[in-house]
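Heads up: the structure comes next, in structure tokens.
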Amino acid sequence: MALDQIRAARSISRVELAEGLGLTSAAVTRIVRDLLDDGLVVEDGRGRSTGGKPRTILRLNVRSRYSIGVHLERNACVIVVIDLAGGVVTRAVLPGVASAPPGEILSSLADRIHVRLRSAGIELSTVVGLGLVTYGPQDWRSGVLLTPQPNPQWLDFPVAERMSEFVRLPVLVDNDANAAAIGEYWLGGVEPSSTFASLYLGTGIGGGVVVAGQLYRGSSSNGVEIGHISIDVNGESCSCGNRGCLERMAGPEAVVRHAWQTPLADRLALGPSVPATEYADFLDLFARITDAAVAGDTEAQALVEESARLLGHASITLANLFDLDTIVLAGPGFGSAAATYREVIAAEVNRSWFSRRAHAVRVVPSVSGSDAAAIGAAALVLQHGLVDRPIHPVPRRTAV
Ligand SMILES: [Zn+2]
């Protein structure tokens, strides 16, 4: 926690650190000595004094360690390397996993990562680990996906274990929407004491809740699945087993399927519709609809606004359950229509949520744009490797 306080404060004295952590100055002196020995923090000049001798200021040694984040989706794969302050040192976007076998994808990803690290001049020994975020549900502790997504070969595949072998680093597997939420906190996009949710719009709709810097994990780290909250008890059945799910009614695929039934499909050259069970690049097709909406196409605007209204409706439930002060809109799906979504969701929530007389809910765009999940994946590794646990030598072939 000491490192997290120093990171959040940017610069801090030992006395302020002791106050913030509720520890004795002797305990803080010991903790700081270890952090200095590990090279994670540096002493940097003197701060203002309140009498007596000036206080030595502690700062994060930003480039002393690095972390890798990988966001793996069917249609794109984002890799980022971040420093201790969350700054992106290097970034790459690769084609998605499509129908390739997991072993092949992970091995080639590891090769690309090693090349990337070498060209950025980063030693593998200074990398704390790799966070790989993707579809849920997952068995977070064993690093195994419990879903036939991105394709059926990933179901029950030992993702963390195999990736750890290929990349020679500890690997953590997590949900992309959870990662986007913690990434927002790590990058200072919200107040440290905030209770906020990220609403993640990618191929599907996900969510994550952070309470004062801690990700809400539920009992198996598969919580806050806002995309699978039912907004119509008599609605169409969803692949998750529920009916009338938000994702099924308002996600990119749903909007594209609506557009396919209108003249908009020809106007925007969306191509022929595919059967309900078949996959298309819905995120790309959806972007064409949001671009048209922004350009003034009223039919496209109506579809986007309806999707935003349904997201706003589900966000009322999210705000009511967690008493949120902020909702962050993250993920590539919002794209060019982010302003419309923000406006409509904020209006829906603040008109009807239960505690609106106590306080408003802010709805804001993510500070990390469409890289939110990848940056969050890397931030999760830093939090696990450096904050929640004491720093330890990087084990080989071991998942954290
Ligand atoms: Zn569902």
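Letters A, B, ... go to the chains of the structure tokens in the order shown; residues in each chain start at 1; ligands are counted from 1 in the same order.
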**OP:** Could you report the residues within 6 Å of ligand 1, using only C-alpha atoms and all ligand atoms, as a PyMOL selection string?
**Re:** chain A and resi 228+238-240+242+245
**OP:** For stretch 253-267 of chain A, please output as a ChimeraX atom specification all residues within 12 Å (counting only C-alpha atoms; exclusion window: fewer than 3 positions along the same chain).
**Re:** /A:201-205,236,238,244-250,270-290,292-293,297-308,310,333
Subject >> Nearest residue to A:Ala377 from the set A:Leu60, A:Ile229, A:Val171, A:Val294 (distances using only C-alpha atoms) >> reply: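 Of A:Leu60, A:Ile229, A:Val171, A:Val294, the one nearest A:Ala377, counting only C-alpha atoms, is A:Val171.
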Original post:
Using only C-alpha atoms, which residue out of A:Leu318, A:Leu72, A:Val328, A:Leu58 lies closest to A:Leu106?
Top reply: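 Of all the options, A:Leu72 lies closest to A:Leu106.
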Original post:
Could you pull out all residues of stretch 44-164 of chain A with a DSSP call of alpha helix (DSSP H) and give them as a PyMOL selection string?
Top reply: chain A and resi 102-119+159-164
For N, CA, C and O atoms, I'd like the residues from the last selection saved as an mmCIF file, in the first residue's frame.
```cif
data_model
loop_
_atom_site.group_PDB
_atom_site.id
_atom_site.type_symbol
_atom_site.label_atom_id
_atom_site.label_comp_id
_atom_site.auth_asym_id
_atom_site.auth_seq_id
_atom_site.Cartn_x
_atom_site.Cartn_y
_atom_site.Cartn_z
ATOM 1 N N PRO A 102 -4.967 -21.378 -29.742
ATOM 2 C CA PRO A 102 -4.397 -20.532 -28.685
ATOM 3 C C PRO A 102 -2.878 -20.639 -28.560
ATOM 4 O O PRO A 102 -2.201 -19.622 -28.401
ATOM 5 N N GLY A 103 -2.327 -21.862 -28.635
ATOM 6 C CA GLY A 103 -0.882 -22.032 -28.467
ATOM 7 C C GLY A 103 -0.103 -21.222 -29.494
ATOM 8 O O GLY A 103 0.881 -20.556 -29.177
ATOM 9 N N GLU A 104 -0.591 -21.253 -30.741
ATOM 10 C CA GLU A 104 0.060 -20.527 -31.839
ATOM 11 C C GLU A 104 0.005 -19.009 -31.596
ATOM 12 O O GLU A 104 0.993 -18.306 -31.744
ATOM 13 N N ILE A 105 -1.175 -18.538 -31.191
ATOM 14 C CA ILE A 105 -1.365 -17.101 -30.944
ATOM 15 C C ILE A 105 -0.463 -16.630 -29.801
ATOM 16 O O ILE A 105 0.218 -15.608 -29.900
ATOM 17 N N LEU A 106 -0.456 -17.374 -28.688
ATOM 18 C CA LEU A 106 0.293 -16.935 -27.511
ATOM 19 C C LEU A 106 1.799 -16.946 -27.787
ATOM 20 O O LEU A 106 2.522 -16.044 -27.358
ATOM 21 N N SER A 107 2.266 -17.966 -28.518
ATOM 22 C CA SER A 107 3.687 -18.050 -28.845
ATOM 23 C C SER A 107 4.102 -16.864 -29.727
ATOM 24 O O SER A 107 5.130 -16.222 -29.488
ATOM 25 N N SER A 108 3.277 -16.540 -30.716
ATOM 26 C CA SER A 108 3.633 -15.422 -31.595
ATOM 27 C C SER A 108 3.525 -14.082 -30.863
ATOM 28 O O SER A 108 4.328 -13.181 -31.078
ATOM 29 N N LEU A 109 2.564 -13.972 -29.952
ATOM 30 C CA LEU A 109 2.461 -12.755 -29.134
ATOM 31 C C LEU A 109 3.724 -12.559 -28.297
ATOM 32 O O LEU A 109 4.265 -11.450 -28.207
ATOM 33 N N ALA A 110 4.201 -13.654 -27.691
ATOM 34 C CA ALA A 110 5.393 -13.576 -26.840
ATOM 35 C C ALA A 110 6.599 -13.121 -27.671
ATOM 36 O O ALA A 110 7.384 -12.280 -27.225
ATOM 37 N N ASP A 111 6.721 -13.651 -28.892
ATOM 38 C CA ASP A 111 7.832 -13.234 -29.765
ATOM 39 C C ASP A 111 7.757 -11.737 -30.048
ATOM 40 O O ASP A 111 8.759 -11.033 -29.979
ATOM 41 N N ARG A 112 6.548 -11.275 -30.377
ATOM 42 C CA ARG A 112 6.371 -9.839 -30.675
ATOM 43 C C ARG A 112 6.710 -8.984 -29.464
ATOM 44 O O ARG A 112 7.286 -7.903 -29.582
ATOM 45 N N ILE A 113 6.344 -9.472 -28.288
ATOM 46 C CA ILE A 113 6.611 -8.717 -27.053
ATOM 47 C C ILE A 113 8.121 -8.629 -26.793
ATOM 48 O O ILE A 113 8.646 -7.564 -26.463
ATOM 49 N N HIS A 114 8.829 -9.740 -26.989
ATOM 50 C CA HIS A 114 10.282 -9.722 -26.768
ATOM 51 C C HIS A 114 10.965 -8.741 -27.737
ATOM 52 O O HIS A 114 11.859 -7.996 -27.337
ATOM 53 N N VAL A 115 10.501 -8.706 -28.987
ATOM 54 C CA VAL A 115 11.058 -7.765 -29.968
ATOM 55 C C VAL A 115 10.799 -6.326 -29.526
ATOM 56 O O VAL A 115 11.668 -5.467 -29.556
ATOM 57 N N ARG A 116 9.574 -6.100 -29.077
ATOM 58 C CA ARG A 116 9.149 -4.772 -28.628
ATOM 59 C C ARG A 116 10.001 -4.290 -27.449
ATOM 60 O O ARG A 116 10.415 -3.150 -27.377
ATOM 61 N N LEU A 117 10.223 -5.189 -26.486
ATOM 62 C CA LEU A 117 11.019 -4.838 -25.301
ATOM 63 C C LEU A 117 12.453 -4.513 -25.715
ATOM 64 O O LEU A 117 13.027 -3.525 -25.249
ATOM 65 N N ARG A 118 13.009 -5.351 -26.599
ATOM 66 C CA ARG A 118 14.397 -5.112 -27.043
ATOM 67 C C ARG A 118 14.509 -3.752 -27.723
ATOM 68 O O ARG A 118 15.412 -2.979 -27.428
ATOM 69 N N SER A 119 13.547 -3.425 -28.599
ATOM 70 C CA SER A 119 13.667 -2.157 -29.328
ATOM 71 C C SER A 119 13.426 -0.958 -28.409
ATOM 72 O O SER A 119 13.890 0.136 -28.687
ATOM 73 N N VAL A 159 -4.345 -20.734 -20.356
ATOM 74 C CA VAL A 159 -3.807 -19.507 -20.963
ATOM 75 C C VAL A 159 -2.632 -18.935 -20.153
ATOM 76 O O VAL A 159 -1.556 -18.671 -20.699
ATOM 77 N N ALA A 160 -2.833 -18.756 -18.835
ATOM 78 C CA ALA A 160 -1.781 -18.121 -18.017
ATOM 79 C C ALA A 160 -0.514 -18.966 -18.007
ATOM 80 O O ALA A 160 0.590 -18.459 -18.186
ATOM 81 N N GLU A 161 -0.702 -20.275 -17.838
ATOM 82 C CA GLU A 161 0.451 -21.168 -17.741
ATOM 83 C C GLU A 161 1.272 -21.175 -19.040
ATOM 84 O O GLU A 161 2.491 -21.015 -19.026
ATOM 85 N N ARG A 162 0.586 -21.328 -20.164
ATOM 86 C CA ARG A 162 1.298 -21.404 -21.439
ATOM 87 C C ARG A 162 1.934 -20.059 -21.803
ATOM 88 O O ARG A 162 3.057 -20.000 -22.275
ATOM 89 N N MET A 163 1.197 -18.962 -21.555
ATOM 90 C CA MET A 163 1.752 -17.642 -21.884
ATOM 91 C C MET A 163 2.984 -17.361 -21.032
ATOM 92 O O MET A 163 3.954 -16.778 -21.500
ATOM 93 N N SER A 164 2.930 -17.790 -19.779
ATOM 94 C CA SER A 164 4.055 -17.603 -18.868
ATOM 95 C C SER A 164 5.297 -18.341 -19.393
ATOM 96 O O SER A 164 6.415 -17.823 -19.338
#
```
Subject >> From A:Leu172, A:Cys77, A:Val167, A:Ala360, residue lying nearest A:Val144 [only C-alpha atoms] >> reply: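 Among A:Leu172, A:Cys77, A:Val167, A:Ala360, it is A:Leu172 that comes nearest to A:Val144.
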Subject >> Non-local contacts of A:Arg74 (7 Å; only C-alpha atoms; under 2 positions in same chain excluded) as an MDAnalysis selection string >> reply: chainID A and resid 72 76 96:98 150
Original post:
Which polymer residues have any atom within 12 Å of an atom of A:Gly131, counting only C-alpha atoms, with same-chain residues fewer than 2 positions away left out, as an NGL selection string?
Top reply: :A and (66-72 or 78-82 or 127-129 or 133-134 or 140 or 143 or 159-160 or 163-164 or 167 or 169-176 or 178-180 or 183 or 373-385 or 399-400)
Subject >> strand (DSSP E or B) per DSSP on the backbone: members of stretch 94-220 of chain A, as an NGL selection string >> reply: :A and (94-95 or 127-134 or 138-139 or 144-145 or 171-175 or 195-201 or 205-211 or 214-215)
Limited to N, CA and C atoms, could you put the picked residues into a file as a compact mmCIF listing (two decimals), in the first residue's frame?
```
# COMPACT_ATOMS: atom_id res chain seq x y z
N LEU A 94 -2.13 -5.55 -33.05
CA LEU A 94 -1.94 -6.70 -33.93
C LEU A 94 -3.32 -7.21 -34.37
N PRO A 95 -3.35 -8.02 -35.43
CA PRO A 95 -4.64 -8.61 -35.81
C PRO A 95 -5.19 -9.46 -34.67
N VAL A 127 10.78 -6.26 -15.89
CA VAL A 127 9.34 -6.36 -16.16
C VAL A 127 8.69 -7.20 -15.05
N VAL A 128 7.73 -6.61 -14.36
CA VAL A 128 7.09 -7.29 -13.22
C VAL A 128 6.25 -8.48 -13.68
N GLY A 129 5.61 -8.36 -14.82
CA GLY A 129 4.77 -9.45 -15.31
C GLY A 129 3.93 -9.00 -16.48
N LEU A 130 3.05 -9.90 -16.90
CA LEU A 130 2.18 -9.61 -18.04
C LEU A 130 0.73 -9.89 -17.65
N GLY A 131 -0.12 -8.93 -17.95
CA GLY A 131 -1.56 -9.12 -17.73
C GLY A 131 -2.24 -9.34 -19.06
N LEU A 132 -2.97 -10.43 -19.18
CA LEU A 132 -3.69 -10.71 -20.43
C LEU A 132 -5.19 -10.66 -20.11
N VAL A 133 -5.88 -9.74 -20.76
CA VAL A 133 -7.31 -9.60 -20.46
C VAL A 133 -8.13 -9.91 -21.71
N THR A 134 -9.25 -10.56 -21.46
CA THR A 134 -10.09 -10.99 -22.58
C THR A 134 -11.48 -11.33 -22.08
N GLN A 138 -14.21 -16.42 -16.50
CA GLN A 138 -12.89 -17.03 -16.41
C GLN A 138 -12.68 -17.60 -15.03
N ASP A 139 -11.73 -18.55 -14.94
CA ASP A 139 -11.24 -18.97 -13.64
C ASP A 139 -9.98 -18.15 -13.40
N VAL A 144 -7.61 -19.68 -16.61
CA VAL A 144 -8.27 -20.46 -17.65
C VAL A 144 -9.58 -19.78 -18.04
N LEU A 145 -9.89 -19.75 -19.34
CA LEU A 145 -11.16 -19.17 -19.78
C LEU A 145 -12.27 -20.21 -19.70
N VAL A 171 2.31 -14.38 -15.35
CA VAL A 171 1.17 -13.94 -16.18
C VAL A 171 -0.11 -13.99 -15.36
N LEU A 172 -0.90 -12.95 -15.51
CA LEU A 172 -2.19 -12.87 -14.83
C LEU A 172 -3.27 -12.76 -15.91
N VAL A 173 -4.31 -13.56 -15.79
CA VAL A 173 -5.42 -13.49 -16.75
C VAL A 173 -6.61 -12.84 -16.05
N ASP A 174 -7.27 -11.91 -16.72
CA ASP A 174 -8.41 -11.25 -16.09
C ASP A 174 -9.40 -10.80 -17.15
N ASN A 175 -10.50 -10.29 -16.66
CA ASN A 175 -11.59 -9.82 -17.51
C ASN A 175 -11.27 -8.42 -18.05
N THR A 195 -15.99 5.82 -5.72
CA THR A 195 -16.65 4.54 -5.99
C THR A 195 -17.21 4.66 -7.40
N PHE A 196 -16.53 4.03 -8.35
CA PHE A 196 -16.93 4.24 -9.74
C PHE A 196 -17.05 2.92 -10.50
N ALA A 197 -17.76 2.99 -11.61
CA ALA A 197 -17.88 1.83 -12.50
C ALA A 197 -17.35 2.22 -13.86
N SER A 198 -16.71 1.26 -14.51
CA SER A 198 -16.42 1.47 -15.93
C SER A 198 -17.47 0.69 -16.71
N LEU A 199 -17.97 1.34 -17.73
CA LEU A 199 -18.92 0.69 -18.64
C LEU A 199 -18.14 0.46 -19.91
N TYR A 200 -17.89 -0.82 -20.23
CA TYR A 200 -16.97 -1.13 -21.33
C TYR A 200 -17.74 -1.59 -22.56
N LEU A 201 -17.57 -0.86 -23.65
CA LEU A 201 -18.24 -1.22 -24.90
C LEU A 201 -17.20 -1.68 -25.91
N ILE A 205 -20.71 -5.91 -24.05
CA ILE A 205 -20.80 -4.84 -23.05
C ILE A 205 -20.38 -5.44 -21.71
N GLY A 206 -19.38 -4.82 -21.08
CA GLY A 206 -18.91 -5.31 -19.78
C GLY A 206 -18.87 -4.18 -18.77
N GLY A 207 -18.53 -4.54 -17.55
CA GLY A 207 -18.43 -3.52 -16.50
C GLY A 207 -17.42 -3.92 -15.45
N GLY A 208 -16.98 -2.94 -14.69
CA GLY A 208 -16.08 -3.20 -13.56
C GLY A 208 -16.34 -2.12 -12.52
N VAL A 209 -16.24 -2.46 -11.25
CA VAL A 209 -16.45 -1.48 -10.19
C VAL A 209 -15.19 -1.40 -9.33
N VAL A 210 -14.76 -0.18 -9.04
CA VAL A 210 -13.60 0.04 -8.18
C VAL A 210 -14.06 0.89 -6.98
N VAL A 211 -13.73 0.41 -5.79
CA VAL A 211 -14.08 1.14 -4.57
C VAL A 211 -12.77 1.56 -3.90
N GLN A 214 -9.72 -0.33 -4.99
CA GLN A 214 -9.77 -1.80 -5.00
C GLN A 214 -10.85 -2.28 -5.94
N LEU A 215 -10.47 -3.17 -6.85
CA LEU A 215 -11.43 -3.73 -7.78
C LEU A 215 -12.41 -4.64 -7.03
```
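When only C-alpha atoms are used to measure the gap to A:Gly312, the shortest distance among A:Ala337, A:Ala269, A:Val363, A:Ala212 belongs to A:Val363.
Closest to A:Val367 among A:Val349, A:Leu187, A:Val41, A:Ser193 is A:Leu187, based on only C-alpha atoms.
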